[in-house]
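Student: I'd like to ask you about the structure that follows.
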Amino acid sequence: MATKKRMDAANGLIDALSGERERWTQQSNEFIERIKKLVGDVALSCAFISYCGPFNASFRHTLLNEHFYQMCTKLKIPVTENISVVKFLTTDSQITDWQIEGLPSDDHSVQNAIMITSNLSNVKTGKFPLIIDPQGQGLKWLRSKYANEVKVSQFSDKRFGDHLAAQLRDGNTLIVENCVEELDPIVDPVLDKAIVKQGRAMVIVINDKPHDFDDNFKMVLTTRLPNPLFTPELFAKALVIDMTVTMGGLEQQLLGQVIGKEKAELEEERAKLIEEVNNNEKRLKEFEDKLLAQLAASKGNLIDDDELIATLADAKKASAEIKEKLAVAVETRKRITSASEEYRPVALRGSVLYFLIVDMSNVSNMYQTSLPQFLTLFNEAIKTAEKAQLTAKRISNIISMMTKVVFEYITRGLFSPHRLLFVLTMACKIKLNARDSGKLPMENFQVLLKAGAALSLADVRAKPYNWIPDKAWLNVNAISEAVPKTFKMLPDMIARQGNEKPWREWYDIEAPENTPVPELDDKLDSFDRLLLVRSLREDRAMLAALNYVADVLGKEFAEPLQLDFEQVIDTTTGVTPIIFLLSQGSDPSALIESSAKRRKKQIIPQGGISMGQGQEQAAMDAVNVSFQGSGEWALLQNCHLGLGFLADLEDVLVKTNLEDIGEEARILITSEPHKKFPIGLLQISIKLTNEPPPGVKAGIKRSYGWFNQEMLDSYRRPEWKPMLFTQCFIHSNVVERRKFGPIGFCIPYEFNQGDWQASVQFLQNHMTAVGDDAKKGSPVSWITVRYMIAEIQYGGRITDNKDRVMFNTICEVAMNDKILNPDHRFYQGQGATYGIPVAEEYVKHKEYLESYPEVDPPEVFGLHANADIIYRTRQSQQTLGTILEIQPRGAGGGGGKSPDEVVVEMANDFLKRLPAEWRLDIVRDLLRKINATLPLNIFCRQEIERLNVCVKLIRTTLKDLKLAIAGVVVMSAPLQEAKENLFDARVPPRWVAVSWPSPTMGLWFEEVLTRYKQLDTWTKEDRPPKFWLTGFYNPQGFLTSVRQEVTRGHKAENWALDDVVLKTEVQKFEKGEVDRPPSEGVYIFGLYLEGAGWDKARQRLKDPLPKEPPRELPVLYVTAVQMDDGKKQPAGRNKQVVNKFDCPVYKYPRRNDINWVFDVQLNCEEEKHFWQLRGACLLCSVD
């Protein structure tokens, strides 16, 4: 009987183990292999946890597989290839638990969770995590994970010290949110683990006071800053972890959201399945652990252990059951995934739009939008999108609605220069991330932003026609290389014999973006057309961009969006403040007050409260009254002057329950952009801009809003009303003139309504002084009026001498006795008339303003029509330049090359072409041969010394950069900066500091070589017969040397340097015709006329041709003469000569007193004010 029992037990044991033999054998073999590689795998995992936290997913992968793994193999340490740290360090059931707690499901988030939990599991050996968490997902997960023991606080909390002490004592978790780049020193002892033992207790000293320390204490620091600059010391103390949401991770989250809304049963089944699979896997693991524990503990013969045999039988039965359930779960998961994938385009579009919004915060920190805000928009789009029976149609409707909702929400909070930037980037990003045949290649997008910036004229074939600007020809060659499918033959097409006429006609036409392109028109899509227009007609690029936006997104996205403030009020709550972002001339007070009046709401306090020192309590009282009242609105103005209060306000809003306040309470804030504006407040607010419409007409209307009929009737003299209107016109004129950049004003002054009011006040005082009776009183002193307006009221803001002359000229032309003539016109032409109303009634004046055009021709400002081209070109450059700046640096370059490969290629090319540095001792010897003591030769040596510094820095930087990219030396901050700028085809700031500004790397490097060649030829051969003035660091010093040499040549005539001035004369020949120097003085070339043209035959200024770029002036003869009649002021500066215009010369297009070189007297037929208003000048460099 006993034998039979043992036989039955043996059979039962064999039967129970038979199913496990194969699996256990396989696992045993795998275990042996894992043991062999365990040391290497643990080393890799430890390195990953210790060093990879601050980096994004792709760089973590690079570090793990290309650096850590290679190091182990080099040291012959056995290690698993392509190891998955997620699988090595955690289990599926643990990951599922985290996801149930709110952790995103992507690998990057799971890695972060591993780093956090592994460091918090042992406080004494690990570091406290510092999480970069701009979207707040990490904070949300931690709150859920440690819900029973967590305390969330921040350094600004007055009781933070008490919270820290309590958590230390009780061994609970402390989360410190909203950290900035420099942490409060109060947590330094905690980060340093400065724990000491006192008797049996562990204590830590904070602020000279000991506190009990429990080993179970945990602390996590979080920051909302997207790219904080922490100190190396902080990196050593804390484990910095980048928990920024990834595009793939967010896409997966949004897919869950849309499935939950559209296919709720699927999402419920998926959630139930995850929980069921997790429980089954846990149960299976428990059986395995129990079985292994009993096997290990069993003594004697196994067939005598009845409990073990019973456990084996139960385990086998349960294992089979669980495996069957898991197999079913796998099939169910496939079915759910397949059904969910149909909605992935919605999730993809949402992810693209969210990261576009994140990029906008790099344009201005005021454009912060939180992930919860975006998810609200996402769900709103799903809710409001039109229903459809076909799933594909429903998906299309959701995508369209989502794009529209996001566009409207974000655009209403952007300043006008950034709206086109946003919508163009939106169209491009959508196409870049498309997963169909319409995908936009990254190379095409990169060449749109950079064009030919990385090329120089030496790199490409010579341009076929002079009418093509150098920059445009470089752009043409760039797109032919980057987009060969469409533009490979473009340079050949343009240069082909017989093709000049059609291409010239297309180039000269008013709207090339809407005109058929010679030979290529049927091959171009809207993006190709945008590339071509951006290359050849940069001034029309933004108009072509609008066409592209309309093609990709729809016409409504290319049209201006009107602010619907009533709709904003309806969709917000009392704990969601509305922030008006202020700009020049904007004042939302009237909009807010009119809306409050319509809704019968009271503004607290009356008219709002303007922030400033001592206003914090009054502002908080206004907020409390709004919350506790019956729907009052708290209006807090100019909050950039009360940033400390805003942090307190954010804390109040976060802690306030919506149910505890009035349903119609609102908090309205106005503020100028400020870098230190609290990010948290921005992320819970709705941002709005209410910029005034542009134009002279709109400006005069705003000025008329500041007075009424009573002011018009203040004086009976006939001069009063025309003077008042003219002052409105002048103010609007000078404000609008700024948009033209340096050709309008050298410096864009912030003229505001206060300047206008001060001027009007003076006009009233002056009218009172001269008397109200024109017959008995004194005449109006027009000279006094102009002086007070130009020099006193507005002149206090003006810092540039040329701008002061410009403003005086504007006043001289506009404010004079001609305005008393009823037929007087400020400007008439181009179908526009700018006159002065003659009516007595205020209402009639406003009606007269309706005759003014909405869009002002440049001529109304005294500018040439080409000024509009300059304005549009600057707009295109600024828009595309800003888009380039906000692009992630990990994006590939042309031809699919990585940024590192692109930069190394550029560095090799530059190093190959870069000339050797001069040896200064050899330079001195060479100059002695041509008389080193001559002033111009001394000047030459000084220029060589300065250019030598530049050449040496270029060579050093490029060599070090190549080593840093190869990993031989550390990638320092200056090298990183140089790398990023070179990849963007821009000149690194450290190079600019020892050289000169330039918009593109290619043109700048070409200028380095040309400057070097001029100076090298000078030293090795002889003084050049003509000088390229642009090629000198110090052109003023060059001209002083000319004066010195001429003065020395007249030593016998007792000329003195102080009595000598420059004299200039434009020659009739070009630089190529000069083969010998003049007998006295010098010939210079390289000066470009902007705002004017040159009539070579008549030797005088003329208007440039339409769309004509700045043209080079013929050779300029420069010498020195004695001052006329002994006067001690230069003949070429501030001396008024009939039919002579003192044309200023600037080193760079950015005009100011620093870049001013000298004045050249140029012949002209018109009065000098004509060319002053034109903004005419000579530039040494047009780029």
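Letters for chains follow the order of the structure tokens (A, B, ...), residue numbers begin at 1 for each chain, and ligand numbers begin at 1 in the order shown.
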Could you give me, as number ranges by chain, each residue of segment 153-273 of chain A that DSSP assigns to alpha helix (DSSP H) when run on this structure's backbone?

Tutor: A: 160-170, 188-191, 232-237, 247-262, 264-273

Student: Could you list, as a list of chain:residue names, every residue within 12 Å of Glu342 of chain A, counting only C-alpha atoms and ignoring same-chain residues fewer than 6 positions away?

Tutor: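 The residues satisfying every condition are A:Leu255, A:Val258, A:Ile259, A:Glu262, A:Lys263, A:Arg335, A:Ile336, A:Leu348, A:Leu390, A:Thr391, A:Ala392, A:Lys393, A:Arg394, A:Ile395, A:Ser396.
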
Student: Which residue, A:Lys404, A:Lys334, A:Arg412, A:Lys193, has the smallest gap to Asp564 of chain A when you use only C-alpha atoms?

Tutor: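 Distance minimum relative to Asp564 of chain A lands on A:Arg412.
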
Student: Please return as a ChimeraX atom specification: the residues of segment 548-599 of chain A that backbone DSSP assigns to strand (DSSP E or B).

Tutor: /A:578-581

Student: Write to file, as a PDB file, in the first residue's frame, the residues of the selection just made, with all heavy atoms.

Tutor:
```pdb
ATOM      1  N   ILE A 578      -7.693  86.001 -17.602  1.00  0.00           N
ATOM      2  CA  ILE A 578      -7.491  86.438 -18.993  1.00  0.00           C
ATOM      3  C   ILE A 578      -6.372  87.463 -18.980  1.00  0.00           C
ATOM      4  O   ILE A 578      -6.463  88.486 -18.300  1.00  0.00           O
ATOM      5  CB  ILE A 578      -8.779  87.057 -19.566  1.00  0.00           C
ATOM      6  CG1 ILE A 578      -9.907  86.034 -19.576  1.00  0.00           C
ATOM      7  CG2 ILE A 578      -8.528  87.597 -20.972  1.00  0.00           C
ATOM      8  CD1 ILE A 578     -11.255  86.604 -19.971  1.00  0.00           C
ATOM      9  N   ILE A 579      -5.301  87.164 -19.702  1.00  0.00           N
ATOM     10  CA  ILE A 579      -4.136  88.051 -19.740  1.00  0.00           C
ATOM     11  C   ILE A 579      -4.068  88.735 -21.100  1.00  0.00           C
ATOM     12  O   ILE A 579      -3.954  88.064 -22.135  1.00  0.00           O
ATOM     13  CB  ILE A 579      -2.831  87.279 -19.475  1.00  0.00           C
ATOM     14  CG1 ILE A 579      -2.870  86.602 -18.105  1.00  0.00           C
ATOM     15  CG2 ILE A 579      -1.624  88.211 -19.573  1.00  0.00           C
ATOM     16  CD1 ILE A 579      -1.620  85.799 -17.774  1.00  0.00           C
ATOM     17  N   PHE A 580      -4.147  90.051 -21.107  1.00  0.00           N
ATOM     18  CA  PHE A 580      -3.947  90.831 -22.330  1.00  0.00           C
ATOM     19  C   PHE A 580      -2.460  91.182 -22.424  1.00  0.00           C
ATOM     20  O   PHE A 580      -1.897  91.825 -21.528  1.00  0.00           O
ATOM     21  CB  PHE A 580      -4.770  92.118 -22.301  1.00  0.00           C
ATOM     22  CG  PHE A 580      -6.207  91.931 -22.666  1.00  0.00           C
ATOM     23  CD1 PHE A 580      -7.166  91.690 -21.691  1.00  0.00           C
ATOM     24  CD2 PHE A 580      -6.609  91.971 -23.990  1.00  0.00           C
ATOM     25  CE1 PHE A 580      -8.497  91.517 -22.028  1.00  0.00           C
ATOM     26  CE2 PHE A 580      -7.939  91.790 -24.343  1.00  0.00           C
ATOM     27  CZ  PHE A 580      -8.888  91.569 -23.361  1.00  0.00           C
ATOM     28  N   LEU A 581      -1.817  90.747 -23.503  1.00  0.00           N
ATOM     29  CA  LEU A 581      -0.415  91.065 -23.726  1.00  0.00           C
ATOM     30  C   LEU A 581      -0.334  92.420 -24.432  1.00  0.00           C
ATOM     31  O   LEU A 581      -0.907  92.598 -25.515  1.00  0.00           O
ATOM     32  CB  LEU A 581       0.248  89.976 -24.576  1.00  0.00           C
ATOM     33  CG  LEU A 581       0.116  88.539 -24.033  1.00  0.00           C
ATOM     34  CD1 LEU A 581       0.848  87.564 -24.945  1.00  0.00           C
ATOM     35  CD2 LEU A 581       0.650  88.445 -22.621  1.00  0.00           C
TER      36      LEU A 581
END
```

Student: Counting only C-alpha atoms, which residue out of A:Asn279, A:Thr873, A:Thr573, A:Thr1010 sits closest to Ala458 of chain A?

Tutor: A:Thr1010

Student: List as a CSV table (one decimal) with C-alpha atoms, in the first residue's frame the protein and nucleic acid residues near segment 629-641 of chain A, meaning an atom at most 6 Å away when only C-alpha atoms are counted, but skip any in the same chain fewer than 4 places from it.

Tutor:
```csv
chain,number,residue,atom,x,y,z
A,601,LYS,CA,-20.8,93.8,-14.6
A,602,GLN,CA,-18.9,96.1,-12.3
A,603,ILE,CA,-15.1,96.4,-12.6
A,604,ILE,CA,-13.2,96.3,-9.3
A,608,GLY,CA,-9.0,98.9,-12.6
A,609,ILE,CA,-5.9,99.0,-10.5
A,610,SER,CA,-2.5,99.8,-12.0
A,611,MET,CA,0.2,97.6,-10.4
A,612,GLY,CA,3.3,99.1,-8.9
A,622,ALA,CA,-9.9,93.3,-5.7
A,623,VAL,CA,-9.5,89.6,-6.4
A,625,VAL,CA,-14.1,91.0,-3.8
A,662,GLY,CA,-19.2,83.4,-8.0
A,664,GLU,CA,-19.5,85.0,-13.3
A,665,ALA,CA,-16.4,86.3,-11.4
A,666,ARG,CA,-13.4,87.1,-13.8
A,667,ILE,CA,-9.8,88.1,-13.3
A,668,LEU,CA,-8.5,90.3,-16.1
A,669,ILE,CA,-4.8,91.1,-16.3
A,670,THR,CA,-2.8,93.4,-18.7
A,671,SER,CA,0.9,93.1,-18.9
A,672,GLU,CA,3.8,93.8,-21.2
```

Student: Using only C-alpha atoms, which protein or nucleic acid residues come within 10 Å of Glu566 of chain A? Drop anything in the same chain fewer than 6 positions from it, and give the result as a list in words.

Tutor: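 Close residues of Glu566 of chain A: Leu591, Ile592, Ser595, Ala596, Arg598 and Arg599 of chain A.
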
Student: Take the residues from that selection and put them in a file with all heavy atoms, as a short mmCIF file (atom, residue, chain, number, x, y, z; two decimals), in the first residue's frame.

Tutor:
```
data_model
loop_
_atom_site.label_atom_id
_atom_site.label_comp_id
_atom_site.auth_asym_id
_atom_site.auth_seq_id
_atom_site.Cartn_x
_atom_site.Cartn_y
_atom_site.Cartn_z
N LEU A 591 -12.18 97.97 -24.48
CA LEU A 591 -12.82 96.70 -24.84
C LEU A 591 -13.40 96.03 -23.60
O LEU A 591 -14.54 95.54 -23.60
CB LEU A 591 -11.80 95.78 -25.51
CG LEU A 591 -12.29 94.38 -25.88
CD1 LEU A 591 -13.34 94.45 -26.96
CD2 LEU A 591 -11.11 93.52 -26.35
N ILE A 592 -12.62 96.01 -22.51
CA ILE A 592 -13.07 95.38 -21.27
C ILE A 592 -14.26 96.14 -20.68
O ILE A 592 -15.27 95.53 -20.27
CB ILE A 592 -11.91 95.32 -20.26
CG1 ILE A 592 -10.79 94.41 -20.78
CG2 ILE A 592 -12.39 94.84 -18.90
CD1 ILE A 592 -9.50 94.48 -19.97
N SER A 595 -17.48 95.61 -22.69
CA SER A 595 -18.03 94.28 -22.48
C SER A 595 -18.70 94.19 -21.11
O SER A 595 -19.78 93.61 -20.97
CB SER A 595 -16.92 93.23 -22.59
OG SER A 595 -17.41 91.93 -22.34
N ALA A 596 -18.05 94.77 -20.09
CA ALA A 596 -18.63 94.77 -18.74
C ALA A 596 -19.95 95.54 -18.72
O ALA A 596 -20.92 95.13 -18.06
CB ALA A 596 -17.64 95.37 -17.75
N ARG A 598 -22.05 95.94 -21.25
CA ARG A 598 -23.09 95.16 -21.92
C ARG A 598 -23.62 94.04 -21.01
O ARG A 598 -24.80 93.72 -21.04
CB ARG A 598 -22.53 94.53 -23.21
CG ARG A 598 -22.52 95.47 -24.40
CD ARG A 598 -22.28 94.73 -25.70
NE ARG A 598 -20.99 94.07 -25.71
CZ ARG A 598 -19.85 94.64 -26.11
NH1 ARG A 598 -19.87 95.91 -26.53
NH2 ARG A 598 -18.72 93.98 -26.10
N ARG A 599 -22.72 93.47 -20.22
CA ARG A 599 -23.11 92.36 -19.34
C ARG A 599 -23.56 92.85 -17.96
O ARG A 599 -23.83 92.02 -17.09
CB ARG A 599 -21.93 91.40 -19.19
CG ARG A 599 -21.59 90.64 -20.46
CD ARG A 599 -20.28 89.88 -20.31
NE ARG A 599 -20.00 89.11 -21.52
CZ ARG A 599 -20.26 87.81 -21.66
NH1 ARG A 599 -20.83 87.14 -20.67
NH2 ARG A 599 -19.97 87.17 -22.78
#
```

Student: At a cut-off of 10 Å, using only C-alpha atoms, what residues contact segment 928-945 of chain A? Leave out same-chain residues fewer than 6 positions from it and give the result as a PyMOL selection string.

Tutor: chain A and resi 917-920+922+1011-1012+1014-1016+1018-1023+1031-1035+1037-1045+1048
